[in-house]
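Trainee: Just work-v7.tsv, nothing more (TSV, C-alpha atoms and all ligand atoms):
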chain	number	residue	atom	x	y	z
G	1	MET	CA	-40.22	53.19	-13.26
G	2	LEU	CA	-43.85	52.62	-14.01
G	3	LYS	CA	-44.25	51.86	-17.72
G	4	ILE	CA	-47.63	52.65	-19.24
G	5	GLU	CA	-48.58	51.34	-22.66
G	6	LYS	CA	-51.85	52.42	-24.23
G	7	LEU	CA	-53.62	50.24	-26.80
G	8	PRO	CA	-56.82	51.64	-28.36
G	9	LEU	CA	-58.82	48.49	-29.19
G	10	GLY	CA	-62.23	47.26	-30.18
G	11	PRO	CA	-65.29	48.60	-31.95
G	12	ILE	CA	-65.06	52.08	-30.41
G	13	GLY	CA	-61.32	52.35	-29.85
G	14	THR	CA	-61.37	51.96	-26.09
G	15	ASN	CA	-58.04	52.53	-24.38
G	16	CYS	CA	-56.54	49.42	-22.80
G	17	PHE	CA	-53.51	50.04	-20.57
G	18	ILE	CA	-50.69	47.62	-19.85
G	19	VAL	CA	-49.03	48.96	-16.70
G	20	THR	CA	-45.67	47.50	-15.71
G	21	ASP	CA	-43.27	47.94	-12.81
G	22	GLU	CA	-40.05	47.81	-14.79
G	23	GLY	CA	-38.16	46.87	-11.65
G	24	CYS	CA	-39.71	43.40	-11.54
G	25	ASP	CA	-41.54	43.16	-14.89
G	26	ASP	CA	-44.85	42.49	-13.17
G	27	CYS	CA	-47.77	44.02	-15.07
G	28	VAL	CA	-51.52	44.44	-14.90
G	29	VAL	CA	-54.01	45.14	-17.66
G	30	ILE	CA	-56.43	47.95	-16.93
G	31	ASP	CA	-59.59	47.63	-19.05
G	32	PRO	CA	-58.72	44.87	-21.54
G	33	ALA	CA	-61.01	46.37	-24.11
G	34	TRP	CA	-60.85	43.88	-26.93
G	35	ASP	CA	-58.52	41.55	-28.82
G	36	ALA	CA	-56.88	39.30	-26.22
G	37	PRO	CA	-54.20	38.04	-28.66
G	38	GLU	CA	-53.02	41.62	-29.27
G	39	ILE	CA	-52.83	42.37	-25.54
G	40	LEU	CA	-51.11	39.09	-24.64
G	41	GLY	CA	-48.74	39.48	-27.57
G	42	ARG	CA	-47.61	42.88	-26.30
G	43	ILE	CA	-47.06	41.51	-22.80
G	44	SER	CA	-45.06	38.51	-23.96
G	45	SER	CA	-42.96	40.61	-26.35
G	46	CYS	CA	-41.92	42.71	-23.34
G	47	GLY	CA	-41.16	39.61	-21.26
G	48	SER	CA	-43.56	40.81	-18.53
G	49	HIS	CA	-45.53	38.74	-16.05
G	50	LEU	CA	-49.27	39.40	-16.04
G	51	ARG	CA	-50.56	39.51	-12.46
G	52	ALA	CA	-54.16	40.77	-12.67
G	53	ILE	CA	-56.89	42.49	-14.65
G	54	TRP	CA	-58.27	45.69	-13.12
G	55	LEU	CA	-61.60	46.92	-14.51
G	56	THR	CA	-62.69	50.53	-14.07
G	57	HIS	CA	-66.29	49.60	-14.89
G	58	ALA	CA	-68.39	47.01	-16.67
G	59	HIS	CA	-69.24	48.48	-20.06
G	60	PHE	CA	-68.62	45.89	-22.76
G	61	ASP	CA	-65.99	47.92	-24.55
G	62	HIS	CA	-63.80	47.87	-21.42
G	63	PHE	CA	-63.80	44.12	-20.74
G	64	GLY	CA	-64.21	42.50	-24.15
G	65	ALA	CA	-60.89	40.63	-23.86
G	66	VAL	CA	-61.33	39.28	-20.30
G	67	ALA	CA	-62.54	35.86	-21.45
G	68	GLY	CA	-59.78	35.52	-24.03
G	69	ILE	CA	-57.07	36.46	-21.53
G	70	LEU	CA	-58.40	34.07	-18.89
G	71	GLN	CA	-58.43	31.23	-21.39
G	72	LYS	CA	-54.65	31.67	-21.55
G	73	HIS	CA	-54.23	32.60	-17.87
G	74	PRO	CA	-56.73	30.53	-15.85
G	75	GLY	CA	-57.09	31.81	-12.31
G	76	LEU	CA	-55.78	35.30	-13.08
G	77	PRO	CA	-57.45	37.73	-10.61
G	78	VAL	CA	-60.03	40.05	-12.16
G	79	GLY	CA	-61.29	43.06	-10.19
G	80	LEU	CA	-64.58	44.94	-10.46
G	81	HIS	CA	-66.89	46.83	-8.11
G	82	ARG	CA	-69.92	44.81	-7.04
G	83	LEU	CA	-72.28	47.63	-8.05
G	84	ASP	CA	-71.20	47.06	-11.66
G	85	PHE	CA	-71.58	43.28	-11.51
G	86	PRO	CA	-75.18	43.22	-12.82
G	87	LEU	CA	-73.99	45.28	-15.80
G	88	TYR	CA	-71.14	42.81	-16.33
G	89	GLN	CA	-73.52	39.84	-16.22
G	90	ALA	CA	-75.71	41.60	-18.79
G	91	GLY	CA	-72.79	41.72	-21.24
G	92	GLY	CA	-71.86	45.27	-20.34
G	93	GLY	CA	-74.67	46.74	-22.42
G	94	GLY	CA	-73.17	45.23	-25.57
G	95	PRO	CA	-76.29	43.33	-26.64
G	96	ALA	CA	-78.19	46.65	-26.90
G	97	TRP	CA	-75.66	47.65	-29.59
G	98	GLY	CA	-75.84	44.25	-31.26
G	99	ILE	CA	-72.41	43.37	-29.89
G	100	PRO	CA	-72.34	40.20	-27.76
G	101	VAL	CA	-69.50	39.96	-25.23
G	102	ASN	CA	-68.34	36.82	-23.45
G	103	CYS	CA	-68.97	37.50	-19.75
G	104	SER	CA	-68.65	33.89	-18.58
G	105	HIS	CA	-65.46	34.57	-16.59
G	106	GLU	CA	-66.62	36.41	-13.51
G	107	PRO	CA	-64.58	38.83	-11.40
G	108	THR	CA	-62.77	37.45	-8.37
G	109	MET	CA	-61.74	40.68	-6.58
G	110	TRP	CA	-64.23	43.34	-5.51
G	111	TRP	CA	-63.24	46.99	-5.30
G	112	ASP	CA	-65.80	47.63	-2.58
G	113	ASP	CA	-63.52	45.51	-0.34
G	114	ILE	CA	-60.19	46.90	-1.55
G	115	ASP	CA	-58.84	50.47	-1.44
G	116	ARG	CA	-55.15	49.79	-2.15
G	117	LEU	CA	-53.54	47.69	-4.87
G	118	GLN	CA	-49.91	46.71	-5.17
G	119	LEU	CA	-48.03	46.31	-8.44
G	120	GLY	CA	-44.39	45.55	-7.73
G	121	ARG	CA	-43.26	48.41	-5.52
G	122	PHE	CA	-46.03	50.77	-6.65
G	123	GLN	CA	-49.19	51.23	-4.65
G	124	PHE	CA	-52.42	52.32	-6.33
G	125	GLN	CA	-55.42	53.83	-4.61
G	126	VAL	CA	-58.83	52.59	-5.72
G	127	LEU	CA	-61.12	55.64	-5.99
G	128	PHE	CA	-64.88	55.04	-6.01
G	129	VAL	CA	-66.21	57.46	-8.65
G	130	PRO	CA	-69.77	56.46	-9.63
G	131	GLY	CA	-71.97	58.36	-12.07
G	132	HIS	CA	-71.08	57.06	-15.54
G	133	SER	CA	-71.87	53.62	-14.11
G	134	PRO	CA	-73.00	52.68	-10.58
G	135	GLY	CA	-69.74	50.99	-9.56
G	136	HIS	CA	-67.15	52.94	-11.52
G	137	VAL	CA	-63.68	53.18	-9.96
G	138	ALA	CA	-60.38	54.82	-10.92
G	139	PHE	CA	-56.83	53.82	-10.06
G	140	PHE	CA	-54.41	56.50	-8.81
G	141	GLU	CA	-50.67	55.98	-8.35
G	142	PRO	CA	-49.23	59.00	-6.50
G	143	GLU	CA	-45.48	58.57	-7.13
G	144	SER	CA	-45.78	58.69	-10.92
G	145	GLY	CA	-48.86	60.93	-10.76
G	146	SER	CA	-50.93	58.56	-12.86
G	147	LEU	CA	-54.71	58.33	-12.79
G	148	PHE	CA	-56.49	55.63	-14.78
G	149	GLY	CA	-59.88	57.24	-14.93
G	150	GLY	CA	-61.97	55.05	-17.23
G	151	ASP	CA	-64.99	56.94	-18.54
G	152	VAL	CA	-65.19	59.62	-15.83
G	153	LEU	CA	-63.12	62.52	-17.19
G	154	PHE	CA	-61.85	63.09	-20.72
G	155	GLN	CA	-59.86	65.82	-22.42
G	156	GLN	CA	-62.50	68.56	-22.64
G	157	GLY	CA	-65.23	66.11	-21.74
G	158	ILE	CA	-66.86	63.91	-19.12
G	159	GLY	CA	-68.41	60.47	-19.20
G	160	ARG	CA	-71.80	59.83	-20.76
G	161	THR	CA	-74.74	59.84	-18.38
G	162	ASP	CA	-77.51	58.93	-20.82
G	163	LEU	CA	-76.93	55.20	-20.29
G	164	PRO	CA	-78.88	52.87	-17.97
G	165	GLY	CA	-77.54	53.26	-14.43
G	166	SER	CA	-75.83	56.60	-15.15
G	167	ASP	CA	-76.35	59.70	-13.00
G	168	HIS	CA	-75.07	63.10	-14.13
G	169	ALA	CA	-75.06	64.79	-10.71
G	170	GLU	CA	-73.27	61.81	-9.19
G	171	LEU	CA	-70.63	61.91	-11.93
G	172	LEU	CA	-69.92	65.61	-11.34
G	173	ASN	CA	-69.76	64.99	-7.61
G	174	SER	CA	-67.27	62.14	-8.13
G	175	ILE	CA	-65.03	64.35	-10.28
G	176	ARG	CA	-65.15	67.25	-7.82
G	177	THR	CA	-64.64	65.07	-4.75
G	178	HIS	CA	-62.01	62.61	-5.95
G	179	PHE	CA	-60.32	63.91	-9.11
G	180	LEU	CA	-59.98	67.69	-8.87
G	181	PRO	CA	-58.21	67.64	-5.47
G	182	LEU	CA	-55.38	65.50	-6.93
G	183	PRO	CA	-52.12	67.30	-7.85
G	184	GLU	CA	-52.57	69.35	-11.02
G	185	HIS	CA	-49.71	67.57	-12.79
G	186	THR	CA	-51.52	64.23	-12.41
G	187	ILE	CA	-51.85	62.60	-15.83
G	188	VAL	CA	-55.34	61.34	-16.57
G	189	TYR	CA	-55.25	58.21	-18.70
G	190	ALA	CA	-58.82	58.20	-20.00
G	191	GLY	CA	-60.84	55.32	-21.33
G	192	HIS	CA	-61.19	57.02	-24.72
G	193	GLY	CA	-59.09	59.54	-26.59
G	194	ASP	CA	-55.98	61.40	-25.51
G	195	ASP	CA	-54.41	61.72	-22.07
G	196	THR	CA	-54.89	64.94	-20.18
G	197	THR	CA	-54.02	66.38	-16.77
G	198	ILE	CA	-56.07	67.30	-13.74
G	199	GLY	CA	-54.83	70.89	-14.04
G	200	ALA	CA	-55.82	71.22	-17.70
G	201	GLU	CA	-59.33	69.96	-17.02
G	202	LYS	CA	-59.80	71.89	-13.78
G	203	TYR	CA	-59.38	75.20	-15.60
G	204	ALA	CA	-60.64	74.53	-19.13
G	205	ASN	CA	-63.06	71.62	-19.18
G	206	PRO	CA	-66.41	73.13	-20.25
G	207	PHE	CA	-68.32	70.72	-18.03
G	208	LEU	CA	-66.42	71.78	-14.90
G	209	VAL	CA	-65.69	75.49	-15.13
S	301	ZN	ZN	-68.28	53.30	-20.09
S	302	ZN	ZN	-65.96	53.45	-22.59
Could you express the structure from this file as C-alpha cells?
Ligand SMILES: [Zn+2]
Ligand SMILES: [Zn+2]
Mentor:
Amino acid sequence: MLKIEKLPLGPIGTNCFIVTDEGCDDCVVIDPAWDAPEILGRISSCGSHLRAIWLTHAHFDHFGAVAGILQKHPGLPVGLHRLDFPLYQAGGGGPAWGIPVNCSHEPTMWWDDIDRLQLGRFQFQVLFVPGHSPGHVAFFEPESGSLFGGDVLFQQGIGRTDLPGSDHAELLNSIRTHFLPLPEHTIVYAGHGDDTTIGAEKYANPFLV
C-alpha cells in the first residue's frame, strides 16, 4: 500500500506530504513546507527510511524545511524543475513577504531530465504543468490513483497567477492537458486545503466549467 500523510505546515498552512511504500518503509517528502523537526519526527516515529525530497515548485512555502532536513540527511536527493531554479535561488518569493527562507541547499535532481520516479514498488509520473510557476510539476501514481498537484488545482479553485512568472492561460492549458484526462477517481492532493478528485473538479470547478 501507498501511505499518504498530510501535514499542513508553515506560515500559510502549506500541505507537506510524507508518502511511504508500506512494503519496504521507504518514503519521500513532497513539498517539505516548513518545520523540519516536525517532518523528521513523523518519519522516525513510523520507522520509515527517507529517500528523497520531491518539490512541485519553488515557492518558499513549499520548500521551507529543505535546509533543515538536509542538515540531518546530508546528500539526500532533492528534485526541482530547472525553470523554477531562479525562483528557488531568490528564496521562493519569501523575501517579498518579509519571510526569509534558507535556500543554500540546492536541488540535485532536475525534473526536466526525469519523467518517472520510483518509490519502492510504486512508479510516479512527473507531469510538467507550468502556469502557477514556470517550472511547476505534479506527481501522479496510477495504481493508487494519487496526484500530488502542488498549487495547480484546488477544491473549487486553481493556482494563483498574479505572481511573478505566473501565466493564467498556461495554467489552464496545463490543467486541461495533463490533469483532466486522468481517471475521474484520481485523488488530487493539493498544496493547500482539502483533497479533491479529478471528477469533482472537472464538473464543478468554477474556473474549468
Ligand atoms: Zn505556489
Ligand atoms: Zn503554495
Trainee: Under the rule that all atoms listed in the file are counted, which of G:Ile18, G:Leu119, G:Ile39, G:Ala200 is the nearest residue to Glu5 of chain G?
Mentor: G:Ile18
Trainee: Looking at G:Tyr189, G:Phe17, G:Phe124, G:Trp34, which one is nearest to Asp151 of chain G, with distances taken over all atoms listed in the file?
Mentor: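 Nearest to Asp151 of chain G: G:Tyr189.
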Trainee: Within 7 Å of Lys3 of chain G, counting all atoms listed in the file, which residues qualify if same-chain residues fewer than 6 places away don't, as number ranges by chain?
Mentor: G: 19-22
Trainee: Go through G:Ala138, G:Ile53, G:Ala33, G:Cys24 and flag the residue nearest Lys6 of chain G, using all atoms listed in the file for the distances.
Mentor: G:Ala33
Trainee: List as a PyMOL selection string the protein and nucleic acid residues lying within 7 Å of ligand ZN 302 (chain S), with only C-alpha atoms and all ligand atoms counted.
Mentor: chain G and resi 14+59+61-62+150-151+191-192
Trainee: Could you pull out every residue with an atom within 12 Å of (-67.0, 67.1, -9.0), file coordinates, counting all atoms listed in the file, and send them as an mmCIF file with C-alpha atoms, in the frame of the given file?
Mentor:
data_model
loop_
_atom_site.group_PDB
_atom_site.id
_atom_site.type_symbol
_atom_site.label_atom_id
_atom_site.label_comp_id
_atom_site.auth_asym_id
_atom_site.auth_seq_id
_atom_site.Cartn_x
_atom_site.Cartn_y
_atom_site.Cartn_z
ATOM 1 C CA VAL G 129 -66.210 57.460 -8.650
ATOM 2 C CA PRO G 130 -69.770 56.460 -9.630
ATOM 3 C CA GLY G 131 -71.970 58.360 -12.070
ATOM 4 C CA VAL G 152 -65.190 59.620 -15.830
ATOM 5 C CA LEU G 153 -63.120 62.520 -17.190
ATOM 6 C CA ILE G 158 -66.860 63.910 -19.120
ATOM 7 C CA HIS G 168 -75.070 63.100 -14.130
ATOM 8 C CA ALA G 169 -75.060 64.790 -10.710
ATOM 9 C CA GLU G 170 -73.270 61.810 -9.190
ATOM 10 C CA LEU G 171 -70.630 61.910 -11.930
ATOM 11 C CA LEU G 172 -69.920 65.610 -11.340
ATOM 12 C CA ASN G 173 -69.760 64.990 -7.610
ATOM 13 C CA SER G 174 -67.270 62.140 -8.130
ATOM 14 C CA ILE G 175 -65.030 64.350 -10.280
ATOM 15 C CA ARG G 176 -65.150 67.250 -7.820
ATOM 16 C CA THR G 177 -64.640 65.070 -4.750
ATOM 17 C CA HIS G 178 -62.010 62.610 -5.950
ATOM 18 C CA PHE G 179 -60.320 63.910 -9.110
ATOM 19 C CA LEU G 180 -59.980 67.690 -8.870
ATOM 20 C CA PRO G 181 -58.210 67.640 -5.470
ATOM 21 C CA LEU G 182 -55.380 65.500 -6.930
ATOM 22 C CA ILE G 198 -56.070 67.300 -13.740
ATOM 23 C CA GLU G 201 -59.330 69.960 -17.020
ATOM 24 C CA LYS G 202 -59.800 71.890 -13.780
ATOM 25 C CA ASN G 205 -63.060 71.620 -19.180
ATOM 26 C CA PHE G 207 -68.320 70.720 -18.030
ATOM 27 C CA LEU G 208 -66.420 71.780 -14.900
ATOM 28 C CA VAL G 209 -65.690 75.490 -15.130
#
Trainee: Find, counting all atoms listed in the file, the residue in G:Ala58, G:Ala190, G:Val137, G:Leu9 that gets nearest to ligand ZN 301 (chain S).
Mentor: G:Ala58
Trainee: Given only C-alpha atoms as the basis, pick out the residue of G:Arg116, G:Asp167, G:Ala204, G:Phe85 nearest to Cys103 of chain G.
Mentor: G:Phe85
Trainee: What is the atom CA of Pro32 of chain G-atom CA of Leu163 of chain G distance in Å, reported with one decimal?
Mentor: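 One can read the atom CA of Pro32 of chain G to atom CA of Leu163 of chain G distance as 21.0 Å.
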